[in-house]
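A.B. asks: Structure file data_3.cif, mmCIF, C-alpha atoms, is pasted below:
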data_protein
#
loop_
_atom_site.group_PDB
_atom_site.id
_atom_site.type_symbol
_atom_site.label_atom_id
_atom_site.label_comp_id
_atom_site.auth_asym_id
_atom_site.auth_seq_id
_atom_site.Cartn_x
_atom_site.Cartn_y
_atom_site.Cartn_z
ATOM 1 C CA MET A 2 -9.274 -115.117 15.220
ATOM 2 C CA THR A 3 -5.984 -115.656 16.971
ATOM 3 C CA TYR A 4 -7.373 -115.117 20.487
ATOM 4 C CA VAL A 5 -10.857 -114.682 21.900
ATOM 5 C CA GLU A 6 -11.355 -114.279 25.617
ATOM 6 C CA LYS A 7 -14.442 -116.214 26.626
ATOM 7 C CA SER A 8 -16.642 -114.809 29.350
ATOM 8 C CA PRO A 9 -17.895 -117.183 32.052
ATOM 9 C CA LYS A 10 -21.565 -118.044 31.836
ATOM 10 C CA THR A 11 -22.031 -119.509 35.346
ATOM 11 C CA TRP A 12 -23.748 -116.493 36.926
ATOM 12 C CA SER A 13 -26.119 -116.035 33.992
ATOM 13 C CA SER A 14 -26.975 -119.752 33.927
ATOM 14 C CA VAL A 15 -27.707 -119.822 37.672
ATOM 15 C CA CYS A 16 -29.907 -116.700 37.516
ATOM 16 C CA ILE A 17 -31.873 -117.928 34.491
ATOM 17 C CA GLY A 18 -32.194 -121.419 36.014
ATOM 18 C CA ILE A 19 -33.623 -120.040 39.261
ATOM 19 C CA TYR A 20 -36.022 -117.819 37.306
ATOM 20 C CA LEU A 21 -37.244 -120.704 35.122
ATOM 21 C CA ALA A 22 -37.579 -123.048 38.120
ATOM 22 C CA GLY A 23 -39.563 -120.404 40.015
ATOM 23 C CA ILE A 24 -42.015 -119.606 37.227
ATOM 24 C CA GLY A 25 -42.262 -123.311 36.379
ATOM 25 C CA TYR A 26 -43.203 -124.124 39.976
ATOM 26 C CA MET A 27 -45.759 -121.309 40.008
ATOM 27 C CA GLY A 28 -47.122 -122.542 36.669
ATOM 28 C CA VAL A 29 -47.679 -126.062 37.995
ATOM 29 C CA GLU A 30 -49.654 -124.638 40.904
ATOM 30 C CA THR A 31 -51.716 -122.057 39.013
ATOM 31 C CA LEU A 32 -52.036 -123.003 35.337
ATOM 32 C CA PRO A 33 -54.378 -123.139 33.434
ATOM 33 C CA ASP A 34 -56.862 -121.492 35.792
ATOM 34 C CA ASP A 35 -54.882 -118.354 36.652
ATOM 35 C CA PHE A 36 -52.945 -117.743 33.468
ATOM 36 C CA GLY A 37 -53.160 -113.931 33.748
ATOM 37 C CA VAL A 38 -51.882 -113.929 37.333
ATOM 38 C CA TRP A 39 -49.065 -116.337 36.439
ATOM 39 C CA LEU A 40 -48.064 -114.190 33.456
ATOM 40 C CA GLY A 41 -48.065 -111.011 35.581
ATOM 41 C CA VAL A 42 -45.962 -112.563 38.348
ATOM 42 C CA SER A 43 -43.553 -114.023 35.761
ATOM 43 C CA GLY A 44 -43.142 -110.545 34.283
ATOM 44 C CA ALA A 45 -42.548 -109.044 37.729
ATOM 45 C CA PHE A 46 -39.865 -111.630 38.453
ATOM 46 C CA LEU A 47 -38.353 -110.898 35.032
ATOM 47 C CA LEU A 48 -37.845 -107.321 36.243
ATOM 48 C CA LEU A 49 -35.776 -108.808 39.096
ATOM 49 C CA LEU A 50 -33.814 -111.012 36.684
ATOM 50 C CA LEU A 51 -32.743 -108.221 34.309
ATOM 51 C CA PRO A 52 -30.486 -106.354 36.790
ATOM 52 C CA CYS A 53 -28.811 -109.656 37.661
ATOM 53 C CA LEU A 54 -27.966 -110.165 33.975
ATOM 54 C CA ALA A 55 -26.934 -106.557 33.320
ATOM 55 C CA VAL A 56 -23.363 -107.009 34.608
ATOM 56 C CA PRO A 57 -22.511 -110.085 32.478
ATOM 57 C CA ILE A 58 -24.065 -108.419 29.425
ATOM 58 C CA SER A 59 -22.084 -105.233 30.094
ATOM 59 C CA LYS A 60 -18.857 -107.217 30.447
ATOM 60 C CA ARG A 61 -19.590 -108.926 27.138
ATOM 61 C CA ILE A 62 -20.207 -105.620 25.361
ATOM 62 C CA TYR A 63 -17.402 -103.506 26.816
ATOM 63 C CA HIS A 64 -14.677 -105.977 27.811
ATOM 64 C CA ARG A 65 -14.760 -108.674 25.127
ATOM 65 C CA ILE A 66 -11.222 -109.188 23.817
ATOM 66 C CA GLU A 67 -10.453 -110.462 20.331
ATOM 67 C CA ILE A 68 -7.048 -110.495 18.653
ATOM 68 C CA ASP A 69 -6.605 -111.368 14.998
ATOM 69 C CA ALA A 70 -3.582 -111.037 12.727
ATOM 70 C CA THR A 71 -3.843 -107.246 12.474
ATOM 71 C CA THR A 72 -6.195 -105.885 15.157
ATOM 72 C CA LEU A 73 -6.777 -105.847 18.904
ATOM 73 C CA ARG A 74 -10.481 -105.419 19.625
ATOM 74 C CA VAL A 75 -11.621 -104.588 23.154
ATOM 75 C CA GLY A 76 -15.357 -104.089 23.441
ATOM 76 C CA ARG A 77 -16.358 -101.542 20.803
ATOM 77 C CA GLU A 78 -12.828 -100.267 20.227
ATOM 78 C CA ARG A 79 -10.303 -101.457 17.649
ATOM 79 C CA LEU A 80 -6.557 -100.838 17.713
ATOM 80 C CA PRO A 81 -4.164 -101.926 14.958
ATOM 81 C CA LEU A 82 -1.439 -104.173 16.346
ATOM 82 C CA THR A 83 1.131 -102.032 14.556
ATOM 83 C CA ASP A 84 0.195 -99.148 16.916
ATOM 84 C CA ILE A 85 1.079 -101.142 20.052
ATOM 85 C CA ASP A 86 4.530 -100.700 21.575
ATOM 86 C CA PRO A 87 6.064 -104.213 21.904
ATOM 87 C CA ALA A 88 8.232 -103.069 24.832
ATOM 88 C CA SER A 89 5.109 -102.277 26.885
ATOM 89 C CA VAL A 90 3.707 -105.758 26.196
ATOM 90 C CA ARG A 91 7.014 -107.349 27.287
ATOM 91 C CA ALA A 92 7.057 -105.183 30.430
ATOM 92 C CA ALA A 93 3.469 -106.170 31.278
ATOM 93 C CA ALA A 94 4.256 -109.855 30.701
ATOM 94 C CA GLN A 95 7.268 -109.666 33.003
ATOM 95 C CA GLY A 96 5.293 -107.885 35.710
ATOM 96 C CA GLN A 97 4.090 -109.680 38.804
ATOM 97 C CA LEU A 98 0.622 -111.250 38.711
ATOM 98 C CA PRO A 99 -1.666 -109.475 41.188
ATOM 99 C CA SER A 100 -3.400 -111.447 43.910
ATOM 100 C CA ALA A 101 -7.205 -111.552 44.148
ATOM 101 C CA PRO A 102 -7.356 -108.773 46.802
ATOM 102 C CA GLN A 103 -5.057 -106.613 44.673
ATOM 103 C CA ARG A 104 -7.314 -107.144 41.615
ATOM 104 C CA TYR A 105 -10.381 -106.107 43.643
ATOM 105 C CA ALA A 106 -8.613 -103.028 45.031
ATOM 106 C CA THR A 107 -7.443 -101.998 41.545
ATOM 107 C CA SER A 108 -10.888 -102.509 40.017
ATOM 108 C CA LEU A 109 -12.538 -100.423 42.723
ATOM 109 C CA ASN A 110 -10.065 -97.574 42.176
ATOM 110 C CA THR A 111 -9.955 -97.503 38.357
ATOM 111 C CA PRO A 112 -12.746 -95.334 36.985
ATOM 112 C CA ASN A 113 -12.488 -94.297 33.346
ATOM 113 C CA VAL A 114 -12.481 -90.596 34.206
ATOM 114 C CA LEU A 115 -9.624 -88.567 32.795
ATOM 115 C CA SER A 116 -8.698 -85.044 33.644
ATOM 116 C CA PRO A 117 -8.132 -82.818 30.595
ATOM 117 C CA ASP A 118 -4.393 -82.569 31.277
ATOM 118 C CA ALA A 119 -3.847 -86.301 31.911
ATOM 119 C CA LYS A 120 -5.441 -87.855 28.827
ATOM 120 C CA GLY A 121 -3.758 -91.211 28.372
ATOM 121 C CA SER A 122 -0.858 -90.452 30.714
ATOM 122 C CA HIS A 123 0.974 -93.266 32.481
ATOM 123 C CA ALA A 124 -0.493 -92.108 35.798
ATOM 124 C CA ASN A 125 -4.056 -92.382 34.469
ATOM 125 C CA PRO A 126 -4.237 -94.718 31.452
ATOM 126 C CA ARG A 127 -7.431 -94.752 29.392
ATOM 127 C CA LEU A 128 -9.652 -97.841 29.769
ATOM 128 C CA MET A 129 -10.238 -99.501 26.396
ATOM 129 C CA GLY A 130 -13.646 -100.739 25.308
ATOM 130 C CA GLY A 131 -15.931 -97.870 26.213
ATOM 131 C CA ALA A 132 -16.866 -98.824 29.772
ATOM 132 C CA TRP A 133 -16.952 -96.441 32.733
ATOM 133 C CA GLY A 134 -14.620 -98.512 34.860
ATOM 134 C CA LEU A 135 -12.843 -101.776 35.407
ATOM 135 C CA PRO A 136 -15.243 -104.595 36.375
ATOM 136 C CA MET A 137 -14.817 -105.673 39.979
ATOM 137 C CA GLY A 138 -12.316 -108.484 40.348
ATOM 138 C CA MET A 139 -11.015 -108.415 36.786
ATOM 139 C CA ASP A 140 -7.311 -108.078 36.153
ATOM 140 C CA SER A 141 -6.002 -105.148 34.155
ATOM 141 C CA VAL A 142 -3.035 -104.765 31.847
ATOM 142 C CA VAL A 143 -1.493 -101.416 30.927
ATOM 143 C CA ILE A 144 0.013 -101.222 27.451
ATOM 144 C CA ALA A 145 1.350 -98.284 25.477
ATOM 145 C CA THR A 146 0.891 -97.218 21.894
ATOM 146 C CA ARG A 147 3.745 -96.066 19.697
ATOM 147 C CA ARG A 148 2.376 -92.513 20.062
ATOM 148 C CA GLY A 149 2.956 -92.683 23.835
ATOM 149 C CA GLU A 150 -0.676 -93.127 24.934
ATOM 150 C CA PHE A 151 -1.187 -95.583 27.801
ATOM 151 C CA LEU A 152 -4.211 -97.900 27.693
ATOM 152 C CA THR A 153 -5.745 -100.210 30.288
ATOM 153 C CA VAL A 154 -7.275 -103.491 29.113
ATOM 154 C CA ALA A 155 -9.534 -105.480 31.478
ATOM 155 C CA THR A 156 -8.812 -109.194 31.144
ATOM 156 C CA ARG A 157 -9.822 -112.428 32.787
ATOM 157 C CA ASP A 158 -6.596 -114.262 31.900
ATOM 158 C CA ARG A 159 -3.611 -111.919 31.940
ATOM 159 C CA ALA A 160 -0.985 -114.472 30.867
ATOM 160 C CA ALA A 161 -2.999 -115.822 27.912
ATOM 161 C CA PHE A 162 -3.919 -112.309 26.756
ATOM 162 C CA LEU A 163 -0.322 -111.064 26.854
ATOM 163 C CA HIS A 164 0.950 -114.226 25.147
ATOM 164 C CA ALA A 165 -1.627 -113.824 22.363
ATOM 165 C CA LEU A 166 -0.855 -110.114 22.061
ATOM 166 C CA SER A 167 2.904 -110.620 21.884
ATOM 167 C CA ALA A 168 2.777 -113.336 19.208
ATOM 168 C CA PRO A 169 1.779 -111.020 16.295
ATOM 169 C CA LEU A 170 4.085 -108.290 17.588
ATOM 170 C CA HIS A 171 7.103 -110.626 17.583
ATOM 171 C CA PRO A 172 6.642 -113.035 14.676
ATOM 172 C CA VAL A 173 8.950 -116.013 14.669
ATOM 173 C CA THR A 174 11.107 -115.914 11.566
ATOM 174 C CA GLN A 175 11.668 -119.210 9.879
ATOM 175 C CA PRO A 176 15.139 -119.904 8.473
ATOM 176 C CA GLN A 177 15.153 -119.844 4.726
ATOM 177 C CA GLN A 178 16.020 -123.097 3.031
ATOM 178 C CA HIS A 179 18.017 -123.123 -0.161
#
Step by step, read the file and then write its structure as structure tokens.

C.D. replies:
Amino acid sequence: MTYVEKSPKTWSSVCIGIYLAGIGYMGVETLPDDFGVWLGVSGAFLLLLLPCLAVPISKRIYHRIEIDATTLRVGRERLPLTDIDPASVRAAAQGQLPSAPQRYATSLNTPNVLSPDAKGSHANPRLMGGAWGLPMGMDSVVIATRRGEFLTVATRDRAAFLHALSAPLHPVTQPQQH
């Protein structure tokens, strides 16, 4: 792999840590006498933990970015690097980095719903990866394919993603030695 965008694990670690501390504390107070009650309450609290972990799991499934020598993979979708327009990558790299409020506003207003007449248009680019929308607070990059389709990629590190994406598109030619 040339580039793999790692997802932060802080939220998941905090949620799981609080869950384990809570059931551990309850276990010290109730075990071994009330094993059935402890198991039932642990299961009930697990039902509270699962929604807290659903967002990080969804981000991992739908917005994981991997770039190798020939393919851009975003979530469940693969795109050959030869299909990407290098001019769109250069334009995105030269664009201004959005501030945190701008990223939140963009993510709140970027559902992956396309009208039949605007499929992949520049006004409404398709979100890669298979998700319904851009995760709140994540940055997005719009790139174009050589066929003229515009795609939105959700990224955590815009500069690193665009640098990694532009490297295979613009290989450095080594001077030949005689």

A.B. asks: Of the candidates A:Ser14, A:Gln97, A:Thr83, A:Ser8, which one gets nearest to Arg61 in chain A if we count all atoms listed in the file?

C.D. replies: A:Ser8

A.B. asks: Tell me which residues come within 12 Å of (-6.8, -100.3, 38.8), as a PyMOL selection string, counting all atoms listed in the file in the file's coordinates.

C.D. replies: chain A and resi 99+102-113+124-128+134-143+152-156

A.B. asks: Have a look at A:Tyr20, A:Phe151, A:Trp39, A:Tyr4 and name the one nearest to Ala70 in chain A; count all atoms listed in the file.

C.D. replies: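 Result for the nearest residue to Ala70 in chain A: A:Tyr4.
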
A.B. asks: So that I can check the surroundings of Met27 in chain A, please list as a PyMOL selection string every protein, DNA and RNA residue that reaches within 9 Å of it, counting only C-alpha atoms and ignoring chain neighbours fewer than 4 positions away.

C.D. replies: chain A and resi 22-23+31-32+39+42-43

A.B. asks: Would you compute the distance between CA of Ile62 in chain A and CA of Gly96 in chain A? Give it in Å to one decimal.

C.D. replies: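 Distance between the two atoms: 27.6 Å.
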
A.B. asks: Which residues match the PyMOL selection byres ((chain A and resi 69) around 9) in the file above, as a list in words?

C.D. replies: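 With the PyMOL selection byres ((chain A and resi 69) around 9) on this model, the match is Met2, Thr3, Tyr4, Val5, Glu67, Ile68, Ala70, Thr71, Thr72, Leu73, Arg74, Leu82 and Pro169 of chain A.
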
A.B. asks: Mind pulling up the distance from CA of Val56 in chain A to CA of Trp12 in chain A?

C.D. replies: 9.8 Å

A.B. asks: Expanded to explicit residues, what is the PyMOL selection byres ((chain A and resi 17) around 12) for this file, as a PyMOL selection string?

C.D. replies: chain A and resi 10-16+18-25+46-47+49-54

A.B. asks: Now that the selection is made, can you save its residues with C-alpha atoms as a PDB file, in the coordinates of the input?

C.D. replies:
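What landed in result-v6.pdb:
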ATOM      1  CA  LYS A  10     -21.565-118.044  31.836  1.00  0.00           C
ATOM      2  CA  THR A  11     -22.031-119.509  35.346  1.00  0.00           C
ATOM      3  CA  TRP A  12     -23.748-116.493  36.926  1.00  0.00           C
ATOM      4  CA  SER A  13     -26.119-116.035  33.992  1.00  0.00           C
ATOM      5  CA  SER A  14     -26.975-119.752  33.927  1.00  0.00           C
ATOM      6  CA  VAL A  15     -27.707-119.822  37.672  1.00  0.00           C
ATOM      7  CA  CYS A  16     -29.907-116.700  37.516  1.00  0.00           C
ATOM      8  CA  GLY A  18     -32.194-121.419  36.014  1.00  0.00           C
ATOM      9  CA  ILE A  19     -33.623-120.040  39.261  1.00  0.00           C
ATOM     10  CA  TYR A  20     -36.022-117.819  37.306  1.00  0.00           C
ATOM     11  CA  LEU A  21     -37.244-120.704  35.122  1.00  0.00           C
ATOM     12  CA  ALA A  22     -37.579-123.048  38.120  1.00  0.00           C
ATOM     13  CA  GLY A  23     -39.563-120.404  40.015  1.00  0.00           C
ATOM     14  CA  ILE A  24     -42.015-119.606  37.227  1.00  0.00           C
ATOM     15  CA  GLY A  25     -42.262-123.311  36.379  1.00  0.00           C
ATOM     16  CA  PHE A  46     -39.865-111.630  38.453  1.00  0.00           C
ATOM     17  CA  LEU A  47     -38.353-110.898  35.032  1.00  0.00           C
ATOM     18  CA  LEU A  49     -35.776-108.808  39.096  1.00  0.00           C
ATOM     19  CA  LEU A  50     -33.814-111.012  36.684  1.00  0.00           C
ATOM     20  CA  LEU A  51     -32.743-108.221  34.309  1.00  0.00           C
ATOM     21  CA  PRO A  52     -30.486-106.354  36.790  1.00  0.00           C
ATOM     22  CA  CYS A  53     -28.811-109.656  37.661  1.00  0.00           C
ATOM     23  CA  LEU A  54     -27.966-110.165  33.975  1.00  0.00           C
TER      24      LEU A  54
END

A.B. asks: Report, in Å with one decimal, the straight-line distance from CA of Gln95 in chain A to CA of Arg77 in chain A.

C.D. replies: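 Rounded to one decimal, the two atoms are 27.8 Å apart.
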
A.B. asks: Run the PyMOL selection byres ((chain A and resi 86) around 12) on the file and write out the hits as a list of chain:residue names.

C.D. replies: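 Against this file, the PyMOL selection byres ((chain A and resi 86) around 12) returns the residues A:Leu80, A:Pro81, A:Leu82, A:Thr83, A:Asp84, A:Ile85, A:Pro87, A:Ala88, A:Ser89, A:Val90, A:Arg91, A:Ala92, A:Ala93, A:Val143, A:Ile144, A:Ala145, A:Thr146, A:Arg147, A:Arg148, A:Gly149, A:Glu150, A:Phe151, A:Leu152, A:Leu166, A:Ser167, A:Pro169, A:Leu170, A:His171.
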
A.B. asks: With all atoms listed in the file as the atoms that count, which of A:Gly37, A:Val75, A:Arg157, A:Tyr26 lies nearest to Ala101 in chain A?

C.D. replies: A:Arg157

A.B. asks: I need the residue nearest Ser59 in chain A from this list: A:Ala161, A:Leu98, A:Ala168, A:Ala132. Use all atoms listed in the file for the distance.

C.D. replies: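 Distance minimum relative to Ser59 in chain A lands on A:Ala132.
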
A.B. asks: I'd like to know which of A:Ile58, A:Ala165, A:Ala160, A:Ile66 is closest to Ala94 in chain A, using all atoms listed in the file.

C.D. replies: A:Ala160

A.B. asks: Could you give me the axis-aligned bounding box of range 63-73 of chain A, with 5 Å of padding per side, as centre plus edge lengths in Å to one decimal, as JSON?

C.D. replies:
{"center_x": -10.5, "center_y": -107.4, "center_z": 20.1, "size_x": 23.8, "size_y": 17.9, "size_z": 25.3}
